[in-house]
file coords-v9.json (JSON, C-alpha atoms (C1' of nucleotides))
[["chain", "number", "residue", "atom", "x", "y", "z"],
["T", 1217, "MET", "CA", -2.20, -14.06, 11.93],
["T", 1218, "ALA", "CA", -1.33, -15.41, 8.54],
["T", 1219, "ARG", "CA", 1.34, -14.81, 6.04],
["T", 1220, "ALA", "CA", 2.02, -11.37, 4.61],
["T", 1221, "ALA", "CA", 0.04, -10.32, 1.56],
["T", 1222, "THR", "CA", 1.73, -10.55, -1.82],
["T", 1223, "THR", "CA", -0.14, -7.51, -2.96],
["T", 1224, "SER", "CA", 1.47, -5.15, -0.50],
["T", 1225, "ASP", "CA", 5.15, -5.27, -1.28],
["T", 1226, "PRO", "CA", 7.46, -6.31, -4.10],
["T", 1227, "PHE", "CA", 9.45, -8.72, -1.93],
["T", 1228, "ASN", "CA", 6.39, -10.89, -1.48],
["T", 1229, "ALA", "CA", 5.29, -10.51, -5.07],
["T", 1230, "VAL", "CA", 8.66, -11.72, -6.29],
["T", 1231, "ALA", "CA", 8.74, -14.68, -3.93],
["T", 1232, "GLU", "CA", 6.65, -16.70, -6.40],
["T", 1233, "PRO", "CA", 8.82, -18.48, -8.97],
["T", 1234, "ARG", "CA", 6.23, -18.13, -11.73],
["T", 1235, "ARG", "CA", 5.94, -14.42, -11.12],
["T", 1236, "ARG", "CA", 9.70, -14.12, -11.43],
["T", 1237, "ALA", "CA", 9.52, -16.00, -14.71],
["T", 1238, "ILE", "CA", 6.83, -13.63, -15.95],
["T", 1239, "LEU", "CA", 8.87, -10.60, -14.98],
["T", 1240, "VAL", "CA", 11.90, -11.88, -16.85],
["T", 1241, "PHE", "CA", 9.77, -12.69, -19.88],
["T", 1242, "LEU", "CA", 8.24, -9.21, -19.87],
["T", 1243, "ALA", "CA", 11.50, -7.40, -19.26],
["T", 1244, "GLY", "CA", 12.44, -7.05, -22.90],
["T", 1245, "GLY", "CA", 9.20, -5.42, -23.94],
["T", 1246, "GLU", "CA", 5.44, -5.55, -24.15],
["T", 1247, "GLN", "CA", 3.76, -8.91, -24.61],
["T", 1248, "PRO", "CA", 0.12, -9.96, -24.66],
["T", 1249, "VAL", "CA", -1.14, -12.38, -22.02],
["T", 1250, "GLY", "CA", -1.41, -15.17, -24.55],
["T", 1251, "ALA", "CA", 2.31, -15.00, -25.25],
["T", 1252, "ILE", "CA", 3.07, -15.56, -21.58],
["T", 1253, "VAL", "CA", 0.69, -18.49, -21.46],
["T", 1254, "ALA", "CA", 2.27, -20.04, -24.53],
["T", 1255, "SER", "CA", 5.84, -19.33, -23.56],
["T", 1256, "LEU", "CA", 5.77, -20.37, -19.93],
["T", 1257, "GLY", "CA", 3.23, -23.15, -20.28],
["T", 1258, "LEU", "CA", 0.93, -21.92, -17.52],
["T", 1259, "GLU", "CA", -2.85, -21.87, -17.37],
["T", 1260, "GLN", "CA", -4.35, -18.65, -18.64],
["T", 1261, "PRO", "CA", -6.30, -17.86, -15.45],
["T", 1262, "SER", "CA", -3.16, -18.44, -13.44],
["T", 1263, "VAL", "CA", -1.24, -15.96, -15.55],
["T", 1264, "SER", "CA", -4.01, -13.39, -15.20],
["T", 1265, "LYS", "CA", -3.92, -13.74, -11.43],
["T", 1266, "HIS", "CA", -0.17, -13.37, -11.26],
["T", 1267, "LEU", "CA", -0.33, -10.33, -13.52],
["T", 1268, "ARG", "CA", -2.91, -8.84, -11.22],
["T", 1269, "VAL", "CA", -0.59, -9.15, -8.27],
["T", 1270, "LEU", "CA", 2.38, -7.80, -10.21],
["T", 1271, "HIS", "CA", 0.31, -4.90, -11.46],
["T", 1272, "LYS", "CA", -0.91, -3.99, -7.97],
["T", 1273, "VAL", "CA", 2.61, -3.61, -6.65],
["T", 1274, "GLY", "CA", 3.70, -1.74, -9.76],
["T", 1275, "LEU", "CA", 6.04, -4.39, -11.10],
["T", 1276, "VAL", "CA", 4.32, -4.42, -14.48],
["T", 1277, "ARG", "CA", 2.63, -1.83, -16.68],
["T", 1278, "MET", "CA", -0.41, -2.56, -18.83],
["T", 1279, "ARG", "CA", -1.76, -1.07, -22.01],
["T", 1280, "ARG", "CA", -4.82, -2.00, -24.05],
["T", 1281, "HIS", "CA", -4.33, -2.89, -27.67],
["T", 1282, "GLY", "CA", -7.52, -3.99, -29.37],
["T", 1283, "ARG", "CA", -8.76, -7.07, -27.64],
["T", 1284, "GLN", "CA", -5.47, -7.86, -26.07],
["T", 1285, "LYS", "CA", -3.69, -6.34, -23.14],
["T", 1286, "LEU", "CA", 0.01, -5.71, -23.41],
["T", 1287, "TYR", "CA", 2.06, -6.13, -20.26],
["T", 1288, "GLU", "CA", 5.61, -5.03, -19.67],
["T", 1289, "THR", "CA", 7.94, -5.23, -16.71],
["T", 1290, "ASN", "CA", 8.50, -1.98, -14.89],
["T", 1291, "ALA", "CA", 12.18, -2.50, -14.18],
["T", 1292, "ALA", "CA", 12.41, 0.55, -11.94],
["T", 1293, "ALA", "CA", 10.16, -1.17, -9.41],
["T", 1294, "ILE", "CA", 12.78, -3.87, -8.95],
["T", 1295, "ARG", "CA", 15.43, -1.37, -7.87],
["T", 1296, "PRO", "CA", 14.40, -1.42, -4.19],
["T", 1297, "LEU", "CA", 15.07, -5.16, -4.12],
["T", 1298, "HIS", "CA", 18.38, -4.62, -5.83],
["T", 1299, "GLU", "CA", 19.33, -1.96, -3.34],
["T", 1300, "TRP", "CA", 18.40, -4.16, -0.41],
["T", 1301, "THR", "CA", 20.71, -6.90, -1.62],
["T", 1302, "GLU", "CA", 23.43, -4.30, -2.16],
["T", 1303, "ILE", "CA", 23.56, -3.88, 1.61],
["T", 1304, "PHE", "CA", 25.28, -7.25, 1.78],
["T", 1305, "ARG", "CA", 27.66, -6.87, -1.12],
["T", 1306, "LYS", "CA", 30.60, -5.68, 0.95],
["T", 1307, "TYR", "CA", 30.21, -8.65, 3.26],
["T", 1308, "TRP", "CA", 30.20, -11.31, 0.58],
["T", 1309, "GLU", "CA", 33.09, -9.59, -1.18],
["T", 1310, "HIS", "CA", 34.99, -9.67, 2.08],
["T", 1311, "GLN", "CA", 34.24, -13.37, 2.41],
["T", 1312, "LEU", "CA", 35.47, -14.05, -1.13],
["T", 1313, "HIS", "CA", 38.60, -12.09, -0.41],
["T", 1314, "ARG", "CA", 39.36, -14.21, 2.63],
["T", 1315, "VAL", "CA", 38.71, -17.44, 0.73],
["T", 1316, "LYS", "CA", 41.11, -16.30, -1.94],
["T", 1317, "GLU", "CA", 43.76, -15.38, 0.61],
["T", 1318, "ARG", "CA", 43.51, -18.78, 2.25],
["T", 1319, "ALA", "CA", 43.78, -20.53, -1.10],
["T", 1320, "GLU", "CA", 46.92, -18.59, -1.95],
["T", 1321, "ALA", "CA", 48.51, -19.29, 1.42],
["T", 1322, "GLN", "CA", 47.78, -22.99, 0.93],
["T", 1323, "ALA", "CA", 49.30, -22.92, -2.56],
["T", 1324, "ASN", "CA", 52.44, -21.33, -1.13],
["T", 1325, "ARG", "CA", 52.74, -24.05, 1.48],
["T", 1326, "VAL", "CA", 52.41, -26.74, -1.17],
["T", 1327, "ARG", "CA", 55.07, -25.08, -3.28],
["T", 1328, "ALA", "CA", 57.43, -24.86, -0.29],
["T", 1329, "VAL", "CA", 57.04, -28.57, 0.42],
["T", 1330, "GLU", "CA", 57.72, -29.45, -3.19],
["T", 1331, "THR", "CA", 60.82, -27.30, -3.29],
["T", 1332, "GLU", "CA", 62.12, -29.16, -0.21],
["T", 1333, "ARG", "CA", 61.48, -32.48, -1.96],
["T", 1334, "GLY", "CA", 63.37, -31.37, -5.01],
["T", 1335, "LYS", "CA", 66.42, -30.54, -2.86],
["T", 1336, "SER", "CA", 66.64, -33.91, -1.10],
["Y", 645, "MET", "CA", -2.09, -26.18, -3.73],
["Y", 646, "ALA", "CA", -0.89, -23.59, -1.27],
["Y", 647, "ARG", "CA", 1.86, -21.08, -1.26],
["Y", 648, "ALA", "CA", 5.50, -22.05, -1.71],
["Y", 649, "ALA", "CA", 7.40, -22.97, 1.43],
["Y", 650, "THR", "CA", 9.62, -20.32, 2.98],
["Y", 651, "THR", "CA", 12.03, -23.02, 3.98],
["Y", 652, "SER", "CA", 12.87, -24.01, 0.45],
["Y", 653, "ASP", "CA", 14.22, -20.90, -1.18],
["Y", 654, "PRO", "CA", 15.79, -17.60, -0.20],
["Y", 655, "PHE", "CA", 13.27, -15.49, -2.12],
["Y", 656, "ASN", "CA", 10.49, -16.67, 0.13],
["Y", 657, "ALA", "CA", 12.61, -16.48, 3.27],
["Y", 658, "VAL", "CA", 13.43, -12.86, 2.52],
["Y", 659, "ALA", "CA", 9.82, -11.92, 1.80],
["Y", 660, "GLU", "CA", 9.19, -11.50, 5.54],
["Y", 661, "PRO", "CA", 10.03, -7.96, 6.71],
["Y", 662, "ARG", "CA", 11.19, -9.14, 10.12],
["Y", 663, "ARG", "CA", 13.51, -11.66, 8.57],
["Y", 664, "ARG", "CA", 15.01, -8.94, 6.43],
["Y", 665, "ALA", "CA", 15.52, -6.86, 9.54],
["Y", 666, "ILE", "CA", 17.24, -9.78, 11.25],
["Y", 667, "LEU", "CA", 19.52, -10.33, 8.26],
["Y", 668, "VAL", "CA", 20.56, -6.68, 8.23],
["Y", 669, "PHE", "CA", 21.14, -6.76, 11.96],
["Y", 670, "LEU", "CA", 23.30, -9.88, 11.70],
["Y", 671, "ALA", "CA", 25.23, -8.70, 8.65],
["Y", 672, "GLY", "CA", 27.95, -6.91, 10.60],
["Y", 673, "GLY", "CA", 28.86, -9.88, 12.75],
["Y", 674, "GLU", "CA", 27.79, -12.55, 15.21],
["Y", 675, "GLN", "CA", 25.07, -11.71, 17.69],
["Y", 676, "PRO", "CA", 23.26, -13.78, 20.29],
["Y", 677, "VAL", "CA", 19.51, -14.29, 19.96],
["Y", 678, "GLY", "CA", 18.87, -12.03, 22.93],
["Y", 679, "ALA", "CA", 20.49, -9.11, 21.14],
["Y", 680, "ILE", "CA", 18.10, -9.51, 18.23],
["Y", 681, "VAL", "CA", 15.15, -9.66, 20.60],
["Y", 682, "ALA", "CA", 16.30, -6.52, 22.39],
["Y", 683, "SER", "CA", 17.27, -4.59, 19.29],
["Y", 684, "LEU", "CA", 14.29, -5.34, 17.08],
["Y", 685, "GLY", "CA", 11.69, -5.53, 19.84],
["Y", 686, "LEU", "CA", 10.32, -8.91, 18.79],
["Y", 687, "GLU", "CA", 9.14, -11.82, 20.93],
["Y", 688, "GLN", "CA", 11.88, -14.32, 21.66],
["Y", 689, "PRO", "CA", 9.99, -17.34, 20.26],
["Y", 690, "SER", "CA", 9.26, -15.37, 17.13],
["Y", 691, "VAL", "CA", 12.94, -14.61, 16.64],
["Y", 692, "SER", "CA", 13.83, -18.27, 17.16],
["Y", 693, "LYS", "CA", 11.33, -19.30, 14.52],
["Y", 694, "HIS", "CA", 12.59, -16.78, 12.01],
["Y", 695, "LEU", "CA", 16.17, -17.84, 12.67],
["Y", 696, "ARG", "CA", 15.17, -21.42, 12.07],
["Y", 697, "VAL", "CA", 13.83, -20.54, 8.65],
["Y", 698, "LEU", "CA", 16.85, -18.42, 7.79],
["Y", 699, "HIS", "CA", 19.18, -21.18, 8.92],
["Y", 700, "LYS", "CA", 17.41, -23.81, 6.84],
["Y", 701, "VAL", "CA", 17.92, -21.87, 3.64],
["Y", 702, "GLY", "CA", 21.49, -21.04, 4.60],
["Y", 703, "LEU", "CA", 21.00, -17.32, 5.05],
["Y", 704, "VAL", "CA", 22.51, -17.40, 8.54],
["Y", 705, "ARG", "CA", 25.28, -19.35, 10.22],
["Y", 706, "MET", "CA", 25.13, -20.46, 13.85],
["Y", 707, "ARG", "CA", 27.77, -21.20, 16.48],
["Y", 708, "ARG", "CA", 27.39, -22.22, 20.10],
["Y", 709, "HIS", "CA", 29.04, -20.08, 22.71],
["Y", 710, "GLY", "CA", 28.32, -21.22, 26.22],
["Y", 711, "ARG", "CA", 24.64, -21.01, 26.82],
["Y", 712, "GLN", "CA", 24.02, -18.68, 23.97],
["Y", 713, "LYS", "CA", 23.94, -19.24, 20.25],
["Y", 714, "LEU", "CA", 25.64, -16.74, 18.00],
["Y", 715, "TYR", "CA", 24.04, -16.09, 14.63],
["Y", 716, "GLU", "CA", 25.55, -14.29, 11.69],
["Y", 717, "THR", "CA", 24.28, -13.47, 8.22],
["Y", 718, "ASN", "CA", 25.78, -15.56, 5.45],
["Y", 719, "ALA", "CA", 26.04, -12.77, 2.91],
["Y", 720, "ALA", "CA", 27.02, -15.12, 0.10],
["Y", 721, "ALA", "CA", 23.57, -16.70, 0.23],
["Y", 722, "ILE", "CA", 22.06, -13.36, -0.75],
["Y", 723, "ARG", "CA", 24.03, -13.22, -3.98],
["Y", 724, "PRO", "CA", 21.47, -15.21, -5.99],
["Y", 725, "LEU", "CA", 18.85, -12.58, -5.15],
["Y", 726, "HIS", "CA", 21.27, -9.86, -6.12],
["Y", 727, "GLU", "CA", 22.01, -11.53, -9.41],
["Y", 728, "TRP", "CA", 18.35, -11.98, -10.20],
["Y", 729, "THR", "CA", 17.66, -8.28, -9.71],
["Y", 730, "GLU", "CA", 20.75, -7.55, -11.77],
["Y", 731, "ILE", "CA", 18.90, -8.98, -14.81],
["Y", 732, "PHE", "CA", 16.75, -5.85, -14.83],
["Y", 733, "ARG", "CA", 19.48, -3.29, -14.31],
["Y", 734, "LYS", "CA", 19.98, -2.53, -17.99],
["Y", 735, "TYR", "CA", 16.26, -1.90, -18.40],
["Y", 736, "TRP", "CA", 15.91, 0.55, -15.56],
["Y", 737, "GLU", "CA", 19.09, 2.29, -16.62],
["Y", 738, "HIS", "CA", 17.66, 2.61, -20.08],
["Y", 739, "GLN", "CA", 14.49, 4.09, -18.60],
["Y", 740, "LEU", "CA", 16.50, 6.59, -16.59],
["Y", 741, "HIS", "CA", 18.49, 7.47, -19.68],
["Y", 742, "ARG", "CA", 15.33, 8.26, -21.62],
["Y", 743, "VAL", "CA", 13.94, 10.33, -18.76],
["Y", 744, "LYS", "CA", 17.16, 12.30, -18.69],
["Y", 745, "GLU", "CA", 17.11, 12.82, -22.43],
["Y", 746, "ARG", "CA", 13.58, 14.13, -22.34],
["Y", 747, "ALA", "CA", 14.44, 16.48, -19.51],
["Y", 748, "GLU", "CA", 17.38, 17.88, -21.45],
["Y", 749, "ALA", "CA", 15.35, 18.31, -24.61],
["Y", 750, "GLN", "CA", 12.76, 20.20, -22.59],
["Y", 751, "ALA", "CA", 15.44, 22.41, -21.04],
["Y", 752, "ASN", "CA", 16.75, 23.22, -24.50],
["Y", 753, "ARG", "CA", 13.29, 24.21, -25.68],
["Y", 754, "VAL", "CA", 12.87, 26.49, -22.68],
["Y", 755, "ARG", "CA", 16.24, 28.10, -23.34],
["Y", 756, "ALA", "CA", 15.34, 28.66, -27.02],
["Y", 757, "VAL", "CA", 12.12, 30.41, -26.06],
["Y", 758, "GLU", "CA", 13.92, 32.62, -23.60],
["Y", 759, "THR", "CA", 16.56, 33.53, -26.15],
["Y", 760, "GLU", "CA", 13.79, 34.61, -28.54],
["Y", 761, "ARG", "CA", 12.28, 36.75, -25.82],
["Y", 762, "GLY", "CA", 15.58, 38.42, -25.14],
["Y", 763, "LYS", "CA", 15.89, 39.34, -28.83],
["Y", 764, "SER", "CA", 12.50, 40.99, -29.16],
["F", 87, "DT", "C1'", 21.40, -31.44, 42.47],
["F", 88, "DT", "C1'", 19.06, -27.26, 42.16],
["F", 89, "DG", "C1'", 18.35, -22.93, 40.14],
["F", 90, "DA", "C1'", 18.80, -19.42, 36.80],
["F", 91, "DC", "C1'", 19.53, -18.12, 32.23],
["F", 92, "DA", "C1'", 19.30, -18.58, 26.97],
["F", 93, "DT", "C1'", 17.08, -20.45, 23.30],
["F", 94, "DA", "C1'", 13.93, -23.83, 20.93],
["F", 95, "DT", "C1'", 9.67, -26.24, 20.19],
["F", 96, "DT", "C1'", 4.79, -27.32, 20.43],
["F", 97, "DC", "C1'", -0.06, -26.38, 20.18],
["F", 98, "DC", "C1'", -3.53, -23.50, 18.57],
["F", 99, "DT", "C1'", -6.08, -20.30, 15.56],
["F", 100, "DA", "C1'", -6.78, -17.16, 11.78],
["F", 101, "DT", "C1'", -5.77, -16.17, 7.21],
["F", 102, "DA", "C1'", -3.57, -15.35, 2.73],
["F", 103, "DT", "C1'", -2.53, -17.57, -0.64],
["F", 104, "DC", "C1'", -2.31, -21.06, -5.15],
["F", 105, "DG", "C1'", -4.22, -24.13, -8.58],
["F", 106, "DG", "C1'", -8.18, -25.83, -11.23],
["F", 107, "DC", "C1'", -12.53, -25.23, -13.16],
["F", 108, "DA", "C1'", -16.34, -22.68, -14.69],
["F", 109, "DT", "C1'", -18.04, -18.47, -15.84],
["F", 110, "DG", "C1'", -18.07, -13.43, -16.85],
["F", 111, "DT", "C1'", -16.73, -9.45, -19.70],
["F", 112, "DA", "C1'", -14.81, -6.69, -23.33],
["F", 113, "DA", "C1'", -13.50, -5.98, -28.17],
["F", 114, "DT", "C1'", -13.62, -7.57, -33.00],
["F", 115, "DG", "C1'", -15.40, -9.66, -37.25],
["F", 116, "DT", "C1'", -19.34, -11.03, -40.21],
["H", 427, "DA", "C1'", -27.18, -9.39, -33.44],
["H", 428, "DC", "C1'", -24.07, -13.40, -32.99],
["H", 429, "DA", "C1'", -20.03, -15.94, -32.75],
["H", 430, "DT", "C1'", -15.22, -15.68, -31.62],
["H", 431, "DT", "C1'", -11.19, -14.21, -29.54],
["H", 432, "DA", "C1'", -8.58, -12.53, -25.43],
["H", 433, "DC", "C1'", -8.56, -11.86, -20.63],
["H", 434, "DA", "C1'", -10.43, -11.49, -16.00],
["H", 435, "DT", "C1'", -12.95, -13.07, -12.04],
["H", 436, "DG", "C1'", -15.38, -16.08, -8.71],
["H", 437, "DC", "C1'", -15.63, -20.16, -6.12],
["H", 438, "DC", "C1'", -13.54, -24.21, -3.99],
["H", 439, "DG", "C1'", -10.26, -27.04, -1.47],
["H", 440, "DA", "C1'", -5.67, -27.77, 0.33],
["H", 441, "DT", "C1'", -1.91, -25.94, 2.84],
["H", 442, "DA", "C1'", 1.83, -23.22, 4.59],
["H", 443, "DT", "C1'", 2.37, -19.99, 7.14],
["H", 444, "DA", "C1'", 2.76, -16.19, 11.48],
["H", 445, "DG", "C1'", 1.70, -14.87, 16.10],
["H", 446, "DG", "C1'", 0.73, -15.86, 21.03],
["H", 447, "DA", "C1'", 1.06, -18.57, 25.11],
["H", 448, "DA", "C1'", 2.90, -22.29, 27.42],
["H", 449, "DT", "C1'", 6.36, -25.52, 27.77],
["H", 450, "DA", "C1'", 10.66, -28.00, 26.77],
["H", 451, "DT", "C1'", 15.65, -28.31, 26.18],
["H", 452, "DG", "C1'", 20.29, -27.18, 27.06],
["H", 453, "DT", "C1'", 24.09, -24.93, 29.66],
["H", 454, "DC", "C1'", 26.44, -22.94, 33.36],
["H", 455, "DA", "C1'", 27.05, -21.77, 38.46],
["H", 456, "DA", "C1'", 26.92, -22.63, 43.30]]

call {"tool": "encode", "arguments": {"input": "coords-v9.json", "output": "structure tokens"}}
result
Amino acid sequence: MARAATTSDPFNAVAEPRRRAILVFLAGGEQPVGAIVASLGLEQPSVSKHLRVLHKVGLVRMRRHGRQKLYETNAAAIRPLHEWTEIFRKYWEHQLHRVKERAEAQANRVRAVETERGKS
Amino acid sequence: MARAATTSDPFNAVAEPRRRAILVFLAGGEQPVGAIVASLGLEQPSVSKHLRVLHKVGLVRMRRHGRQKLYETNAAAIRPLHEWTEIFRKYWEHQLHRVKERAEAQANRVRAVETERGKS
DNA sequence: TTGACATATTCCTATATCGGCATGTAATGT
DNA sequence: ACATTACATGCCGATATAGGAATATGTCAA
């Protein structure tokens, strides 16, 4: 079997760096395809293909406006990713806490040594 | 050109559902490979391959213990993903806010109508 | 050393991409 | 109707997988 399809879940869709760039660009509000092409310096067909993937998984919304199509990031669709990473928050916070504790203990030891030096 | 390598960045590494399952399983603490195999019902070679990918991008740490190898999720390596999703938080919160506002406006209209009914 | 246990690697095949190029389609202006 | 603008799609080639089966490596125990 091959790799998982990008069209089936947001985790795969977001794995592409260019698609992440597009999502960030479209987060602030609607933009026509041409603006993405110009701003990110990608080929137009490439942008269309990425938008197709993003649209299929619901990460962007589309609206016709004359001859252009306006795309916008659907931020709510990113929440599941956010929530998945949240699972690990308590663990990395715990790690940071321990790093901090060790640093403080080390600083105390250094201070103790220097105090001894000052005495002698 | 083909798809981006899973070994080069955490976004791709995490795109695989089984790898996400492994990361969650190993978040709480060290576990030998056999425990992953037993718990997630995957083939042993498959688990080894996934662990190899996760290890290359720094998402898991490994330690020898006798004839087994203990793996553990490196939660800190997930922070970049968390921070990327965090970019969109304000937008989805804004969306939720507008949904809430509309719901309240609707509720007020309903109440007004019912008050009128009570009067007549 | 031999054997058993735990994990890793290799070989193979099928497939889902991704980029580039050319072409198709839809909406607008004259 | 015709040309133009704005996107989308189809085809091609290259490649990075993921799974399955078999095998290799490494470690401990007797």

call {"tool": "interface_residues", "arguments": {"input": "coords-v9.json", "of": "chain T", "to": "chain H", "cutoff": "9 Å", "atoms": "all atoms listed in the file", "output": "list in words"}}
result
Met1217, Ala1218, Arg1219, Ala1220, Val1249, Gly1250, Gln1260, Pro1261, Ser1264, Lys1265, Arg1283, Gln1284 and Lys1285 of chain T

call {"tool": "atom_distance", "arguments": {"input": "coords-v9.json", "atom1": "atom CA of T:Leu1297", "atom2": "atom C1' of F:DA100"}}
result
29.6 Å

call {"tool": "closest_residue", "arguments": {"input": "coords-v9.json", "among": "T:Val1269, T:Leu1312, T:Ala1243, T:Val1253", "to": "chain F", "atoms": "all atoms listed in the file"}}
result
T:Val1269

call {"tool": "atom_distance", "arguments": {"input": "coords-v9.json", "atom1": "atom CA of Y:Pro654", "atom2": "atom CA of Y:Ile722"}}
result
7.6 Å

call {"tool": "atom_distance", "arguments": {"input": "coords-v9.json", "atom1": "atom CA of T:Lys1306", "atom2": "atom CA of Y:Lys744"}}
result
29.8 Å

call {"tool": "interface_residues", "arguments": {"input": "coords-v9.json", "of": "chain F", "to": "chain Y", "cutoff": "9 Å", "atoms": "all atoms listed in the file", "output": "ChimeraX atom specification"}}
result
/F:91-95,102-105

call {"tool": "closest_atom_pairs", "arguments": {"input": "coords-v9.json", "of": "chain T", "to": "chain Y", "cutoff": "8 Å", "atoms": "all atoms listed in the file", "output": "Markdown table"}}
result
| residue | atom | partner | partner_atom | distance |
| --- | --- | --- | --- | --- |
| T:Ala1220 | CA | Y:Glu660 | CA | 7.2 |
| T:Phe1227 | CA | Y:Ala659 | CA | 4.9 |
| T:Asn1228 | CA | Y:Ala659 | CA | 4.9 |
| T:Val1230 | CA | Y:Phe655 | CA | 7.3 |
| T:Ala1231 | CA | Y:Asn656 | CA | 4.8 |
| T:Glu1232 | CA | Y:Ala648 | CA | 7.2 |
| T:Val1240 | CA | Y:Ile731 | CA | 7.8 |
| T:Ala1243 | CA | Y:Phe732 | CA | 7.0 |
| T:Gly1244 | CA | Y:Tyr735 | CA | 7.8 |
| T:Asn1290 | CA | Y:Trp736 | CA | 7.9 |
| T:Ala1291 | CA | Y:Trp736 | CA | 5.0 |
| T:Ala1292 | CA | Y:Trp736 | CA | 5.0 |
| T:Ile1294 | CA | Y:Thr729 | CA | 6.6 |
| T:Arg1295 | CA | Y:Thr729 | CA | 7.5 |
| T:Leu1297 | CA | Y:Thr729 | CA | 6.9 |
| T:His1298 | CA | Y:Thr729 | CA | 5.4 |
| T:Thr1301 | CA | Y:His726 | CA | 5.4 |
| T:Glu1302 | CA | Y:His726 | CA | 7.2 |
| T:Ile1303 | CA | Y:Val668 | CA | 7.8 |
| T:Phe1304 | CA | Y:Ala719 | CA | 5.7 |
| T:Arg1305 | CA | Y:Ala719 | CA | 7.3 |
| T:Tyr1307 | CA | Y:Ala719 | CA | 5.9 |
| T:Trp1308 | CA | Y:Ala720 | CA | 5.0 |
| T:Gln1311 | CA | Y:Ala720 | CA | 7.8 |

call {"tool": "axis_aligned_box", "arguments": {"input": "coords-v9.json", "around": "stretch 440-455 of chain H", "padding_each_side": "4 Å", "output": "AutoDock Vina command-line options"}}
result
--center_x 10.7 --center_y -21.6 --center_z 19.4 --size_x 40.7 --size_y 21.4 --size_z 46.1

call {"tool": "residues_around", "arguments": {"input": "coords-v9.json", "residues": "T:Ile1252", "least_positions_apart": "5", "cutoff": "8 Å", "atoms": "all atoms listed in the file", "output": "ChimeraX atom specification"}}
result
/T:1238,1241,1247,1257-1258,1263

call {"tool": "decode", "arguments": {"input": "coords-v9.json", "residues": "stretch 655-666 of chain Y", "atoms": "N, CA and C atoms", "output": "short mmCIF file (atom, residue, chain, number, x, y, z; two decimals), in the first residue's frame"}}
result
data_model
loop_
_atom_site.label_atom_id
_atom_site.label_comp_id
_atom_site.auth_asym_id
_atom_site.auth_seq_id
_atom_site.Cartn_x
_atom_site.Cartn_y
_atom_site.Cartn_z
N PHE Y 655 5.57 17.78 10.73
CA PHE Y 655 4.22 17.83 10.16
C PHE Y 655 3.95 16.58 9.33
N ASN Y 656 4.93 16.18 8.55
CA ASN Y 656 4.76 14.97 7.75
C ASN Y 656 4.78 13.73 8.63
N ALA Y 657 5.65 13.71 9.62
CA ALA Y 657 5.75 12.54 10.49
C ALA Y 657 4.42 12.28 11.19
N VAL Y 658 3.76 13.34 11.56
CA VAL Y 658 2.52 13.25 12.33
C VAL Y 658 1.30 13.02 11.44
N ALA Y 659 1.49 13.09 10.14
CA ALA Y 659 0.37 12.90 9.22
C ALA Y 659 -0.13 11.45 9.25
N GLU Y 660 0.71 10.52 9.62
CA GLU Y 660 0.34 9.11 9.69
C GLU Y 660 -0.47 8.81 10.95
N PRO Y 661 -1.68 8.28 10.81
CA PRO Y 661 -2.52 8.00 11.98
C PRO Y 661 -1.85 7.06 13.00
N ARG Y 662 -1.15 6.06 12.50
CA ARG Y 662 -0.52 5.12 13.42
C ARG Y 662 0.61 5.77 14.20
N ARG Y 663 1.28 6.70 13.54
CA ARG Y 663 2.35 7.40 14.26
C ARG Y 663 1.76 8.31 15.33
N ARG Y 664 0.63 8.89 15.03
CA ARG Y 664 -0.02 9.71 16.07
C ARG Y 664 -0.42 8.83 17.25
N ALA Y 665 -0.93 7.64 16.93
CA ALA Y 665 -1.33 6.73 18.01
C ALA Y 665 -0.12 6.35 18.87
N ILE Y 666 1.00 6.10 18.22
CA ILE Y 666 2.21 5.75 18.94
C ILE Y 666 2.66 6.90 19.84
#
